[in-house]
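Q: Input: one structure, supplied below.
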Amino acid sequence: MNRQIVAGKMGRFVEKMNDLLLLRPDEEQILDHASIFLGKLVEEDDWLPESCTIPHPEHYQQYLLYRDPEERFSVVSFVWGPGQKTPVHDHTVWGLIGMLRGGEIEQRFDIMDGKVIPGDTHELKPGDVGRVSPTIGDVHQVANASQDEVSISVHIYGADIGRVSRHVYTEKGETKTFISGYTNTKLPDLY
Ligand code: FE
């Protein structure tokens, strides 16, 4: 990956995350504080580089925006084409979803005795922030709320999420391991 310029709104977000993590917070403190920082970041939709907003006709895209050099966190833009959705999946680390553009429907699931039990569904609107983690509930399915518009959300995770081995839960009740990777191989400059 290339060296990147990280300034402007994203630069301030990364700085705030660095300051927070230096205090060695527990997971609850990370989620509480980082969700405020992320809420601020997605409040204004004028900073995400064009190259990280491009949908794919068949499946959603995940553009790595920033990776902490110590891999304590990573920031990713998820771009949803009309009607696209994830499989039911987990993360294995804490994560926050900040809605930037459009809307997403999130359905939560519980895994009990290997069975996938549907939980609550809610919609994220621009400026909203959702949370996941193995402690508070880590399994969900996310879909673009729109059948004809692109939606974009900005996620932060407590690891280099594209390299984390995690799970999808199929409709047949199977659990499969996956590593998501990233759509982009070049990090964007962020102003
Ligand atoms: Fe997810």
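Letters A, B, ... go to the chains of the structure tokens in the order shown; residues in each chain start at 1; ligands are counted from 1 in the same order.
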For His59 (chain A), find every residue with an atom within 9 Å (counting only C-alpha atoms), except residues of its own chain fewer than 5 positions away, and show them as a PyMOL selection string.
A: chain A and resi 80-81+84-86
Q: Just N, CA and C atoms for this one: save the residues we selected as a PDB file, in the first residue's frame.
A:
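In the end it all went to result30.pdb:
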ATOM      1  N   TRP A  80     -23.018   0.636  -1.330  1.00  0.00           N
ATOM      2  CA  TRP A  80     -24.095  -0.297  -1.662  1.00  0.00           C
ATOM      3  C   TRP A  80     -24.788   0.137  -2.935  1.00  0.00           C
ATOM      4  N   GLY A  81     -24.797  -0.736  -3.936  1.00  0.00           N
ATOM      5  CA  GLY A  81     -25.642  -0.495  -5.099  1.00  0.00           C
ATOM      6  C   GLY A  81     -27.088  -0.746  -4.700  1.00  0.00           C
ATOM      7  N   GLN A  84     -28.547  -4.012  -2.784  1.00  0.00           N
ATOM      8  CA  GLN A  84     -27.486  -4.952  -2.383  1.00  0.00           C
ATOM      9  C   GLN A  84     -27.462  -5.151  -0.872  1.00  0.00           C
ATOM     10  N   LYS A  85     -27.003  -6.351  -0.454  1.00  0.00           N
ATOM     11  CA  LYS A  85     -26.905  -6.635   0.978  1.00  0.00           C
ATOM     12  C   LYS A  85     -25.761  -7.601   1.283  1.00  0.00           C
ATOM     13  N   THR A  86     -25.386  -7.628   2.551  1.00  0.00           N
ATOM     14  CA  THR A  86     -24.350  -8.559   2.998  1.00  0.00           C
ATOM     15  C   THR A  86     -25.020  -9.897   3.317  1.00  0.00           C
TER      16      THR A  86
END
Q: Find the residues of chain A that sit at most 10 Å from ligand 1; for each, write down the nearest two atoms and how far apart they are in Å, to one decimal. Count only C-alpha atoms and all ligand atoms. Sort by chain, then by number going up, and give it as a Markdown table.
A:
| residue | atom | partner | partner_atom_place_in_ligand_line | distance |
| --- | --- | --- | --- | --- |
| A:Phe78 | CA | ligand 1 | 1 (Fe) | 9.9 |
| A:Thr86 | CA | ligand 1 | 1 (Fe) | 7.7 |
| A:Pro87 | CA | ligand 1 | 1 (Fe) | 9.0 |
| A:Val88 | CA | ligand 1 | 1 (Fe) | 8.2 |
| A:His89 | CA | ligand 1 | 1 (Fe) | 6.4 |
| A:Asp90 | CA | ligand 1 | 1 (Fe) | 6.3 |
| A:His91 | CA | ligand 1 | 1 (Fe) | 6.4 |
| A:Gly95 | CA | ligand 1 | 1 (Fe) | 7.9 |
| A:Leu96 | CA | ligand 1 | 1 (Fe) | 8.9 |
| A:Ile97 | CA | ligand 1 | 1 (Fe) | 8.1 |
| A:Glu106 | CA | ligand 1 | 1 (Fe) | 8.9 |
| A:Arg108 | CA | ligand 1 | 1 (Fe) | 9.9 |
| A:Gly130 | CA | ligand 1 | 1 (Fe) | 9.9 |
| A:Arg131 | CA | ligand 1 | 1 (Fe) | 9.3 |
| A:Val132 | CA | ligand 1 | 1 (Fe) | 7.5 |
| A:Ser133 | CA | ligand 1 | 1 (Fe) | 9.7 |
| A:Asp138 | CA | ligand 1 | 1 (Fe) | 7.9 |
| A:Val139 | CA | ligand 1 | 1 (Fe) | 7.4 |
| A:His140 | CA | ligand 1 | 1 (Fe) | 6.1 |
| A:Gln141 | CA | ligand 1 | 1 (Fe) | 6.7 |
| A:Val142 | CA | ligand 1 | 1 (Fe) | 6.7 |
| A:His155 | CA | ligand 1 | 1 (Fe) | 8.8 |
| A:Tyr157 | CA | ligand 1 | 1 (Fe) | 9.8 |
Q: Within 10 Å of region 44-52 of chain A, which residues of region 108-164 of chain A show up? Give each one with its shortest atom-to-atom distance in Å (one decimal) and the two atoms involved, counting only C-alpha atoms, rows by chain then rising residue number, as JSON lines.
A:
{"residue": "A:Pro126", "atom": "CA", "partner": "A:Asp45", "partner_atom": "CA", "distance": 9.0}
{"residue": "A:Gly127", "atom": "CA", "partner": "A:Glu44", "partner_atom": "CA", "distance": 8.1}
{"residue": "A:Ile152", "atom": "CA", "partner": "A:Cys52", "partner_atom": "CA", "distance": 9.5}
{"residue": "A:Val154", "atom": "CA", "partner": "A:Leu48", "partner_atom": "CA", "distance": 9.3}
Q: Can those selected residues be exported to a file as a PDB file, in the first residue's frame so that it contains N, CA, C and O atoms?
A:
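Output file result.pdb follows:
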ATOM      1  N   PRO A 126     -28.608   9.078   7.416  1.00  0.00           N
ATOM      2  CA  PRO A 126     -27.368   9.854   7.459  1.00  0.00           C
ATOM      3  C   PRO A 126     -27.140  10.508   8.826  1.00  0.00           C
ATOM      4  O   PRO A 126     -28.054  11.101   9.400  1.00  0.00           O
ATOM      5  N   GLY A 127     -25.932  10.336   9.366  1.00  0.00           N
ATOM      6  CA  GLY A 127     -25.582  10.865  10.691  1.00  0.00           C
ATOM      7  C   GLY A 127     -25.736   9.833  11.800  1.00  0.00           C
ATOM      8  O   GLY A 127     -25.161   9.989  12.871  1.00  0.00           O
ATOM      9  N   ILE A 152     -24.026   4.846   1.148  1.00  0.00           N
ATOM     10  CA  ILE A 152     -22.630   4.737   1.597  1.00  0.00           C
ATOM     11  C   ILE A 152     -22.558   4.914   3.108  1.00  0.00           C
ATOM     12  O   ILE A 152     -23.146   5.841   3.662  1.00  0.00           O
ATOM     13  N   VAL A 154     -19.632   4.665   6.537  1.00  0.00           N
ATOM     14  CA  VAL A 154     -18.218   4.660   6.904  1.00  0.00           C
ATOM     15  C   VAL A 154     -18.090   3.856   8.197  1.00  0.00           C
ATOM     16  O   VAL A 154     -18.782   4.148   9.177  1.00  0.00           O
TER      17      VAL A 154
END
Q: In region 34-123 of chain A, what's helix (DSSP H, G or I) per DSSP? Answer as a ChimeraX atom specification?
A: /A:34-41,50-52
Q: Which of these residues is nearest to Leu64 (chain A), using only C-alpha atoms: A:Arg166, A:Ser77, A:Lys172, A:Val116?
A: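 That would be A:Ser77, the residue with the smallest distance to Leu64 (chain A).
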